[in-house]
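Enquirer: Can you keep this structure in mind? I'll have questions shortly.
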Amino acid sequence: MKWIMRLDGTNLPGKSLIGGKAHSIVRLMALGLRVPPAFVVTTEAHAAFLATGEFPDGLVEELERAIAWLEESTGRDFGGASAPLLVSVRSGAAISMPGMMDTILNVGMNDQTQTALAAESGDAAFAQDTHRRFAQLYGNVVLKADAKGFDSASDPQVWRDMIHSATGKTLPDDPREQLLGAVTAVFESWNARRARRYREHQKIPHDLGTAVTVQAMVFGNLDERSGTGVLFSRNPSTGEDQPFGEYLGQAQGEDVVSGEFTPQPLATMAEIVPEAFNDLMSASKALERAERDVQDIEFTVERGTLYLLQARSAKLAPQAAVRTAVEMANEGLIDRRTAICRIPSDRIRILMSPVIPEAARVAAAQLAKGEGACPGVGIGMVVSDSDEAERLGKERIAVVLARPTTSPHDVHGMIAATAVITEEGGSTSHAAVVSRALGTPCVVGCGQGRLSALNGQTVTVDGQTGQIWAGALEVVVPDEVSDGMLAQLTEWADQLAPIRIISADGAKGLDALDLAAIEGAEESENLPQILAGNQTAKGAAGGAIATDEGVRAAIDAGLEFIVADPRLPSLLAAVQANVEPVP
């Protein structure tokens with residue numbers, strides 16, 4: 001097939017063709033882990049779609065053949081009156097963009113398949129709930145209904161009427177029409193505002209494109225021995241070498257990431273489905289050893305059996321990124337250069353941003369408390385609207401974004417905020433995952449209705465402890481010498497950097513070009529030309545020389561040293577200058 005590849009474990013195409021999600025499915029299969037069968041619509045098909053606005057010739061026919069292969073693999077019938085096959089349709093770019101693009105679950109659901117599921121499971125309520133989930137997600141994501149109030153107790157016709165009233169469109173009954181609509185929605189979500197803003201912020205190319213993974217559904221909402229969750233092989237906030245995750249019984253994956261439900265700790269899973277829990281712990285260890293990186297694993301338990309849906313390198317808070325890189329190097333999992341290249345210099349700058357001294361905490365009034373989801377301190381005026389947060393951010397007004405929960409529609413406000421706080425959700429919710437990807441302090445699960453009264457107030461948010469304080473508290477700046485992990489990274493980077501990075505105190509008496517005295521040197525794009533005109537100085541200080549771009553310009557110009565305080569961010573940039581970073 002030209003546009004579609006079966007994910008059967010027989011080969012491993014590159015992420016640029018099949019995306020990170022499909023790539024991880026093949027890797028899971030290669031390790032002998034239990035994964036629902038799947039196929040992928042490639043990024044080449046997406047590129048053809050973007051060029052014309054239509055499916056490329058042959059894609060519809062290939063989808064039909066791929067579904068037939070899934071039916072054969074599962075022994076189920078897509079849209080059938082018995083043993084019906086339902087599928088999930090998910091995005092999957094080569095570079096992970098958590099929560100930015102669309103997902104549609106339970107595709108293939110209609111009145112006939114609801115009846116068949118009820119008969120097969122012996123649970124009419126489960127079948128009705130699955131139908132409601134499909135109608136709500138398909139209606140809101142594919143048909144853009146933005147409708148509320150879907151109730152599992154209602155007749156399916158009520159849901160269809162709600163969608164038609166909101167959009168003038170009909171929820172399709174034909175599973176194949178549903179599949180085509182879902183794939184189209186995922187393709188189109190690549191250029192959604194939230195996705196474009198995230199790529200711009202993370203410097204991800206807009207022409208990278210996404211693949212679409214179509215996978216047989218397993219049902220975490222089936223019974224009391226079913227559920228869904230997310231596991232990190234190490235703590236994504238602190239970096240502690242202990243599995244960390246959350247589990248939500250009788251639920252599907254969207255319930256966890258939406259933040260609308262507060263999941264339980266993994267200990268709950270261990271009590272309810274101990275065999276699945278033990279399998280998950282074993283899989284976590286195997287994946288971390290194989291991938292040599294902290295793993296973010298999405299899983300579903302159906303009637304006590306564990307299924308892995310995907311695994312990827314985890315988005316870590318700055319503190320966790322440093323700790324895991326150093327400890328993995330010390331464990332021999334990775335070498336020192338790889339450890340350094342895993343930590344963007346901006347993460348070190350965030351990590352070395354101000355912290356709240358204990359004396360300031362004692363004297364302050366605590367306004368709310370939740371679960372710290374991304375360490376760091378954020379100070380600003382509380383706003384509850386993401387558009388307002390973005391507008392004020394452009395005016396250089398510091399804001400803290402407060403929401404009941406966040407969704408992909410809030411990403412532009414999250415990017416503009418100094419901190420993100422939510423009333424609902426846990427440490428694997430959308431707010432937590434995206435904040436860690438952005439390096440923005442985050443507190444989740446403060447309690448329903450607890451944050452609305454803070455609107456307009458200036459607060460200080462501590463993403464480590466989960467506390468929200470009244471006013472702008474005093475802060476102090478940490479240093480890179482007293483922290484053991486930062487000191488270790490500094491030592492390694494000093495040995496590997498192609499240029500010396502010297503502190504201001506250590507640079508006294510050295511021959512350094514004073515860029516602060518040169519017009520335009522505060523703009524990094526001007527530095528190559530400015531440094532090319534330097535004929536005598538062996539080093540440079542001031543201006544934009546300590547930025548990542550400035551460090552590269554200094555190396556290209558053949559300088560022996562630059563002056564930077566703190567040293568570590570520039571050291572990392574120097575080591576990474578001529579090395580392809582590990583994704």
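We name chains A, B, ... following the order of the structure tokens; residues begin at 1 in each chain, and ligands are numbered from 1 as shown.
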Excluding Pro36 of chain A and any residue of its chain fewer than 2 positions from it, enumerate the residues within 12 Å of it, using only C-alpha atoms, and give them as a PyMOL selection string.

Expert: chain A and resi 7-8+22+25-26+28-29+33-34+38-39+70-71+73-74+85-88+213-219+299-302+305-310

Enquirer: I'd like the neighbourhood of Glu120 of chain A as a PyMOL selection string, where a residue qualifies if any of its atoms comes within 10 Å (using only C-alpha atoms), though same-chain residues fewer than 6 positions away should be ignored.

Expert: chain A and resi 82-84+114+127

Enquirer: Please run DSSP on the backbone and report, as a PyMOL selection string, all residues within segment 137-271 of chain A that come out as strand (DSSP E).

Expert: chain A and resi 210-216+227-232+244-249+264-265

Enquirer: Go ahead and write the selection's residues with all heavy atoms as a compact mmCIF listing (two decimals), in the first residue's frame.

Expert:
```txt
# COMPACT_ATOMS: atom_id res chain seq x y z
N THR A 210 1.78 15.22 10.31
CA THR A 210 1.40 14.18 11.26
C THR A 210 0.98 12.91 10.53
O THR A 210 0.46 12.97 9.41
CB THR A 210 0.25 14.65 12.18
OG1 THR A 210 0.01 13.64 13.17
CG2 THR A 210 -1.04 14.87 11.40
N ALA A 211 1.21 11.79 11.16
CA ALA A 211 0.62 10.52 10.73
C ALA A 211 -0.68 10.33 11.51
O ALA A 211 -0.98 11.09 12.45
CB ALA A 211 1.58 9.37 10.99
N VAL A 212 -1.45 9.33 11.15
CA VAL A 212 -2.69 9.00 11.86
C VAL A 212 -2.67 7.51 12.16
O VAL A 212 -2.60 6.68 11.25
CB VAL A 212 -3.95 9.33 11.02
CG1 VAL A 212 -5.21 8.99 11.80
CG2 VAL A 212 -3.95 10.80 10.62
N THR A 213 -2.70 7.18 13.45
CA THR A 213 -2.70 5.78 13.88
C THR A 213 -4.12 5.32 14.14
O THR A 213 -4.86 5.96 14.90
CB THR A 213 -1.84 5.61 15.15
OG1 THR A 213 -0.50 6.01 14.86
CG2 THR A 213 -1.85 4.16 15.61
N VAL A 214 -4.51 4.22 13.52
CA VAL A 214 -5.83 3.62 13.72
C VAL A 214 -5.61 2.29 14.43
O VAL A 214 -4.92 1.40 13.90
CB VAL A 214 -6.56 3.40 12.37
CG1 VAL A 214 -7.93 2.76 12.60
CG2 VAL A 214 -6.71 4.73 11.63
N GLN A 215 -6.19 2.15 15.62
CA GLN A 215 -5.88 1.01 16.49
C GLN A 215 -7.16 0.40 17.04
O GLN A 215 -8.13 1.11 17.36
CB GLN A 215 -5.00 1.49 17.64
CG GLN A 215 -4.42 0.39 18.52
CD GLN A 215 -3.35 0.93 19.47
OE1 GLN A 215 -3.44 2.06 19.95
NE2 GLN A 215 -2.34 0.14 19.72
N ALA A 216 -7.19 -0.92 17.13
CA ALA A 216 -8.35 -1.61 17.70
C ALA A 216 -8.56 -1.15 19.15
O ALA A 216 -7.59 -1.04 19.91
CB ALA A 216 -8.14 -3.12 17.65
N GLY A 227 -9.82 -0.34 33.44
CA GLY A 227 -9.48 1.05 33.73
C GLY A 227 -8.41 1.53 32.76
O GLY A 227 -8.03 0.84 31.81
N THR A 228 -7.92 2.71 33.01
CA THR A 228 -6.93 3.31 32.12
C THR A 228 -6.00 4.19 32.95
O THR A 228 -6.33 4.57 34.08
CB THR A 228 -7.62 4.15 31.03
OG1 THR A 228 -6.66 4.59 30.07
CG2 THR A 228 -8.32 5.36 31.61
N GLY A 229 -4.84 4.50 32.39
CA GLY A 229 -3.92 5.33 33.16
C GLY A 229 -2.68 5.71 32.37
O GLY A 229 -2.52 5.37 31.20
N VAL A 230 -1.81 6.40 33.07
CA VAL A 230 -0.53 6.85 32.52
C VAL A 230 0.55 6.53 33.54
O VAL A 230 0.37 6.78 34.75
CB VAL A 230 -0.54 8.36 32.22
CG1 VAL A 230 0.83 8.82 31.75
CG2 VAL A 230 -1.60 8.71 31.19
N LEU A 231 1.64 5.98 33.08
CA LEU A 231 2.77 5.66 33.96
C LEU A 231 4.04 6.31 33.42
O LEU A 231 4.32 6.26 32.22
CB LEU A 231 2.99 4.15 34.04
CG LEU A 231 4.26 3.73 34.80
CD1 LEU A 231 4.05 3.88 36.30
CD2 LEU A 231 4.65 2.30 34.47
N PHE A 232 4.80 6.93 34.31
CA PHE A 232 6.15 7.41 34.00
C PHE A 232 7.13 6.47 34.68
O PHE A 232 6.96 6.13 35.86
CB PHE A 232 6.36 8.84 34.50
CG PHE A 232 5.51 9.86 33.79
CD1 PHE A 232 4.24 10.16 34.26
CD2 PHE A 232 5.97 10.50 32.66
CE1 PHE A 232 3.45 11.09 33.61
CE2 PHE A 232 5.18 11.43 32.01
CZ PHE A 232 3.92 11.73 32.48
N PHE A 244 5.96 6.39 38.55
CA PHE A 244 5.00 7.40 39.00
C PHE A 244 3.86 7.44 37.99
O PHE A 244 4.09 7.49 36.79
CB PHE A 244 5.67 8.77 39.08
CG PHE A 244 4.76 9.88 39.50
CD1 PHE A 244 4.59 10.20 40.83
CD2 PHE A 244 4.05 10.61 38.55
CE1 PHE A 244 3.74 11.22 41.22
CE2 PHE A 244 3.20 11.63 38.93
CZ PHE A 244 3.04 11.94 40.26
N GLY A 245 2.64 7.40 38.49
CA GLY A 245 1.53 7.45 37.54
C GLY A 245 0.19 7.53 38.23
O GLY A 245 0.10 7.65 39.46
N GLU A 246 -0.85 7.42 37.42
CA GLU A 246 -2.21 7.52 37.92
C GLU A 246 -3.09 6.53 37.18
O GLU A 246 -2.82 6.14 36.04
CB GLU A 246 -2.75 8.94 37.73
CG GLU A 246 -2.01 9.96 38.58
CD GLU A 246 -2.47 11.39 38.35
OE1 GLU A 246 -2.82 11.72 37.20
OE2 GLU A 246 -2.48 12.16 39.32
N TYR A 247 -4.17 6.13 37.85
CA TYR A 247 -5.07 5.11 37.31
C TYR A 247 -6.50 5.55 37.58
O TYR A 247 -6.82 6.08 38.65
CB TYR A 247 -4.80 3.78 38.01
CG TYR A 247 -5.68 2.63 37.54
CD1 TYR A 247 -5.47 2.02 36.32
CD2 TYR A 247 -6.71 2.15 38.35
CE1 TYR A 247 -6.25 0.96 35.89
CE2 TYR A 247 -7.50 1.08 37.94
CZ TYR A 247 -7.27 0.49 36.71
OH TYR A 247 -8.05 -0.55 36.28
N LEU A 248 -7.36 5.33 36.59
CA LEU A 248 -8.77 5.68 36.72
C LEU A 248 -9.59 4.46 36.30
O LEU A 248 -9.55 4.04 35.15
CB LEU A 248 -9.11 6.88 35.85
CG LEU A 248 -10.47 7.57 36.06
CD1 LEU A 248 -10.62 8.07 37.50
CD2 LEU A 248 -10.64 8.73 35.09
N GLY A 249 -10.29 3.88 37.27
CA GLY A 249 -11.06 2.68 37.01
C GLY A 249 -12.31 2.97 36.20
O GLY A 249 -12.90 4.04 36.28
N GLN A 264 -6.73 8.10 40.56
CA GLN A 264 -6.17 7.56 41.80
C GLN A 264 -4.70 7.23 41.61
O GLN A 264 -4.22 7.03 40.49
CB GLN A 264 -6.94 6.30 42.19
CG GLN A 264 -8.43 6.51 42.41
CD GLN A 264 -8.69 7.50 43.54
OE1 GLN A 264 -8.12 7.39 44.62
NE2 GLN A 264 -9.55 8.48 43.28
N PRO A 265 -3.94 7.14 42.71
CA PRO A 265 -2.54 6.73 42.59
C PRO A 265 -2.44 5.28 42.12
O PRO A 265 -3.41 4.51 42.19
CB PRO A 265 -1.99 6.90 44.01
CG PRO A 265 -3.19 6.86 44.89
CD PRO A 265 -4.32 7.45 44.10
```

Enquirer: Kindly give the distance, in Å, that separates atom CA of Ala364 of chain A and atom CA of Gly239 of chain A, rounded to a single decimal.

Expert: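 Atom-to-atom, atom CA of Ala364 of chain A and atom CA of Gly239 of chain A are spaced 28.7 Å apart.
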
Enquirer: Can you pull out every residue within 10 Å of Gly393 of chain A, counting only C-alpha atoms, but drop anything in the same chain fewer than 2 positions away, and send it as a list in words?

Expert: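 The residues satisfying every condition are Asp387, Glu388, Ala389, Glu390, Arg391, Glu395, Arg396, Ile397, Ala398, Val399, Gly413, Ile415, Ala416, Ala417 and Thr418 of chain A.
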
Enquirer: What's the 8 Å shell around Met381 of chain A, counting only C-alpha atoms, without same-chain residues fewer than 4 positions away, as a ChimeraX atom specification?

Expert: /A:398-400,455-459

Enquirer: Give me the residues within 12 Å of Glu224 of chain A as a VMD selection string, counting only C-alpha atoms and dropping any in the same chain fewer than 6 places off.

Expert: chain A and resid 123 126 248 to 251 269 271 to 273 301 to 304

Enquirer: Neighbours of Arg323 of chain A within 9 Å (only C-alpha atoms; same-chain residues fewer than 6 positions away dropped), as a list in words?

Expert: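 In the requested format, the answer is Thr238, Gly239, Glu240, Met485 and Leu486 of chain A.
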
Enquirer: From segment 104-243 of chain A, collect each residue whose DSSP state is helix (DSSP H, G or I) and return the set as an NGL selection string.

Expert: :A and (111-121 or 124-142 or 156-167 or 175-189 or 193-202)

Enquirer: So that I have them on file, write out the residues from the current selection with C-alpha atoms, as a CSV table (one decimal), in the first residue's frame.

Expert:
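Written out: out.csv:
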```
chain,number,residue,atom,x,y,z
A,111,ASP,CA,-27.2,1.5,17.5
A,112,GLN,CA,-26.4,-1.9,15.9
A,113,THR,CA,-22.9,-2.1,17.5
A,114,GLN,CA,-24.3,-0.9,20.8
A,115,THR,CA,-26.7,-3.8,20.8
A,116,ALA,CA,-23.9,-6.2,19.9
A,117,LEU,CA,-21.6,-5.0,22.6
A,118,ALA,CA,-24.3,-5.2,25.2
A,119,ALA,CA,-25.0,-8.8,24.2
A,120,GLU,CA,-21.3,-9.8,24.1
A,121,SER,CA,-20.4,-8.1,27.4
A,124,ALA,CA,-26.0,-2.8,28.6
A,125,ALA,CA,-24.8,0.1,30.6
A,126,PHE,CA,-21.2,-0.4,29.3
A,127,ALA,CA,-22.4,-0.4,25.7
A,128,GLN,CA,-24.6,2.7,26.3
A,129,ASP,CA,-21.7,4.5,27.9
A,130,THR,CA,-19.4,3.6,25.0
A,131,HIS,CA,-21.9,4.9,22.5
A,132,ARG,CA,-22.3,8.1,24.5
A,133,ARG,CA,-18.5,8.6,24.6
A,134,PHE,CA,-18.3,8.2,20.8
A,135,ALA,CA,-21.2,10.6,20.1
A,136,GLN,CA,-19.7,13.2,22.4
A,137,LEU,CA,-16.2,13.0,21.1
A,138,TYR,CA,-17.0,12.7,17.4
A,139,GLY,CA,-19.7,15.4,17.7
A,140,ASN,CA,-17.4,17.9,19.4
A,141,VAL,CA,-14.1,17.0,17.6
A,142,VAL,CA,-15.1,16.1,14.1
A,156,PRO,CA,-28.8,7.9,21.5
A,157,GLN,CA,-31.3,9.9,19.5
A,158,VAL,CA,-31.0,12.6,22.1
A,159,TRP,CA,-27.3,12.9,21.4
A,160,ARG,CA,-27.8,13.0,17.7
A,161,ASP,CA,-30.4,15.7,18.1
A,162,MET,CA,-28.0,17.7,20.3
A,163,ILE,CA,-25.3,17.5,17.6
A,164,HIS,CA,-27.6,18.4,14.8
A,165,SER,CA,-29.1,21.3,16.7
A,166,ALA,CA,-25.5,22.7,17.3
A,167,THR,CA,-24.1,22.1,13.9
A,175,PRO,CA,-18.7,3.2,10.5
A,176,ARG,CA,-16.7,3.8,7.3
A,177,GLU,CA,-18.0,7.3,7.0
A,178,GLN,CA,-17.1,7.8,10.7
A,179,LEU,CA,-13.6,6.6,10.0
A,180,LEU,CA,-13.1,9.0,7.0
A,181,GLY,CA,-14.4,11.9,9.1
A,182,ALA,CA,-12.1,11.0,12.0
A,183,VAL,CA,-9.0,10.8,9.8
A,184,THR,CA,-9.9,14.1,8.2
A,185,ALA,CA,-10.3,15.8,11.6
A,186,VAL,CA,-6.9,14.6,12.7
A,187,PHE,CA,-5.3,15.8,9.5
A,188,GLU,CA,-6.9,19.2,9.9
A,189,SER,CA,-6.0,19.5,13.6
A,193,ARG,CA,-4.4,27.4,16.4
A,194,ARG,CA,-3.2,25.5,19.5
A,195,ALA,CA,-0.9,23.2,17.5
A,196,ARG,CA,0.6,26.1,15.5
A,197,ARG,CA,1.3,28.1,18.7
A,198,TYR,CA,2.9,25.1,20.4
A,199,ARG,CA,5.1,24.4,17.4
A,200,GLU,CA,6.2,28.0,17.2
A,201,HIS,CA,7.0,28.0,20.9
A,202,GLN,CA,8.9,24.7,20.7
```

Enquirer: How many Å lie between atom CA of Glu61 of chain A and atom CA of Gly168 of chain A, rounded to one decimal?

Expert: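 Straight-line distance from atom CA of Glu61 of chain A to atom CA of Gly168 of chain A works out to 28.7 Å.
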
Enquirer: Just give me the gap between atom CA of Gly520 of chain A and atom CA of Ala554 of chain A in Å, one decimal is fine.

Expert: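 Computing the Euclidean distance for atom CA of Gly520 of chain A and atom CA of Ala554 of chain A yields 15.7 Å.
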
Enquirer: Out of A:Ile499, A:Ser24, A:Val382, A:Asp514, which residue has the shortest atom-to-atom distance to Leu12 of chain A when counting only C-alpha atoms?

Expert: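 That would be A:Ser24, the residue with the smallest distance to Leu12 of chain A.
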
Enquirer: Would you list the contacts of Glu549 of chain A as a list in words, taking every protein, DNA or RNA residue within 9 Å and counting only C-alpha atoms, but skipping same-chain residues closer than 3 positions in sequence?

Expert: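 Close residues of Glu549 of chain A: Ser524, Glu525, Leu527, Ala544, Ile545, Ala546, Arg552, Ala553, Ala554 and Ala573 of chain A.
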
Enquirer: Let's have the selection written as a PDB file, in the first residue's frame, with N, CA, C and O atoms.

Expert:
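Result file is again-v5.pdb:
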```
ATOM      1  N   SER A 524      21.029  38.760  18.837  1.00  0.00           N
ATOM      2  CA  SER A 524      21.922  37.643  18.521  1.00  0.00           C
ATOM      3  C   SER A 524      22.179  37.509  17.020  1.00  0.00           C
ATOM      4  O   SER A 524      23.262  37.062  16.609  1.00  0.00           O
ATOM      5  N   GLU A 525      21.190  37.888  16.179  1.00  0.00           N
ATOM      6  CA  GLU A 525      21.396  37.730  14.743  1.00  0.00           C
ATOM      7  C   GLU A 525      22.484  38.659  14.203  1.00  0.00           C
ATOM      8  O   GLU A 525      23.014  38.445  13.107  1.00  0.00           O
ATOM      9  N   LEU A 527      25.381  39.162  15.796  1.00  0.00           N
ATOM     10  CA  LEU A 527      26.687  38.788  16.336  1.00  0.00           C
ATOM     11  C   LEU A 527      27.657  38.209  15.308  1.00  0.00           C
ATOM     12  O   LEU A 527      28.853  38.512  15.359  1.00  0.00           O
ATOM     13  N   ALA A 544      24.376  39.746  23.500  1.00  0.00           N
ATOM     14  CA  ALA A 544      23.649  38.474  23.447  1.00  0.00           C
ATOM     15  C   ALA A 544      24.588  37.284  23.381  1.00  0.00           C
ATOM     16  O   ALA A 544      24.190  36.198  22.975  1.00  0.00           O
ATOM     17  N   ILE A 545      25.832  37.466  23.800  1.00  0.00           N
ATOM     18  CA  ILE A 545      26.827  36.410  23.626  1.00  0.00           C
ATOM     19  C   ILE A 545      26.516  35.166  24.443  1.00  0.00           C
ATOM     20  O   ILE A 545      26.923  34.058  24.091  1.00  0.00           O
ATOM     21  N   ALA A 546      25.780  35.296  25.560  1.00  0.00           N
ATOM     22  CA  ALA A 546      25.506  34.139  26.423  1.00  0.00           C
ATOM     23  C   ALA A 546      24.283  33.347  25.979  1.00  0.00           C
ATOM     24  O   ALA A 546      23.992  32.293  26.544  1.00  0.00           O
ATOM     25  N   ARG A 552      26.894  29.883  19.649  1.00  0.00           N
ATOM     26  CA  ARG A 552      27.231  29.321  18.334  1.00  0.00           C
ATOM     27  C   ARG A 552      28.018  30.317  17.491  1.00  0.00           C
ATOM     28  O   ARG A 552      28.958  29.945  16.790  1.00  0.00           O
ATOM     29  N   ALA A 553      27.634  31.595  17.572  1.00  0.00           N
ATOM     30  CA  ALA A 553      28.357  32.615  16.812  1.00  0.00           C
ATOM     31  C   ALA A 553      29.801  32.730  17.294  1.00  0.00           C
ATOM     32  O   ALA A 553      30.733  32.902  16.490  1.00  0.00           O
ATOM     33  N   ALA A 554      30.007  32.621  18.610  1.00  0.00           N
ATOM     34  CA  ALA A 554      31.363  32.709  19.164  1.00  0.00           C
ATOM     35  C   ALA A 554      32.220  31.530  18.704  1.00  0.00           C
ATOM     36  O   ALA A 554      33.400  31.693  18.357  1.00  0.00           O
ATOM     37  N   ALA A 573      24.840  24.904  25.769  1.00  0.00           N
ATOM     38  CA  ALA A 573      24.678  25.357  24.382  1.00  0.00           C
ATOM     39  C   ALA A 573      25.942  25.094  23.581  1.00  0.00           C
ATOM     40  O   ALA A 573      25.879  24.735  22.397  1.00  0.00           O
TER      41      ALA A 573
END
```

Enquirer: Out of A:Gly463, A:Pro569, A:Gly332, A:Pro404, which residue has the shortest atom-to-atom distance to Gly376 of chain A when counting only C-alpha atoms?

Expert: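 Looking only at the distances to Gly376 of chain A, the closest residue turns out to be A:Gly463.
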
Enquirer: Considering only C-alpha atoms, can you say which of A:Thr262, A:Thr422, A:Thr405, A:Ser503 comes closest to Arg450 of chain A?

Expert: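 Nearest candidate to Arg450 of chain A out of A:Thr262, A:Thr422, A:Thr405, A:Ser503: A:Thr422.
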
Enquirer: From the set A:Asp296, A:Asp77, A:Asp255, A:Glu491, which residue has the shortest atom-to-atom contact distance to Ser407 of chain A, counting only C-alpha atoms?

Expert: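 Nearest candidate to Ser407 of chain A out of A:Asp296, A:Asp77, A:Asp255, A:Glu491: A:Asp255.
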
Enquirer: Restricting the calculation to only C-alpha atoms, which member of A:Ile4, A:Ala51, A:Ala532, A:Val35 is positioned closest to Leu17 of chain A?

Expert: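 Nearest to Leu17 of chain A: A:Ile4.
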
Enquirer: With distances taken over only C-alpha atoms, which of A:Arg567, A:Arg76, A:His46, A:Arg6 is nearest to Gly108 of chain A?

Expert: A:Arg76
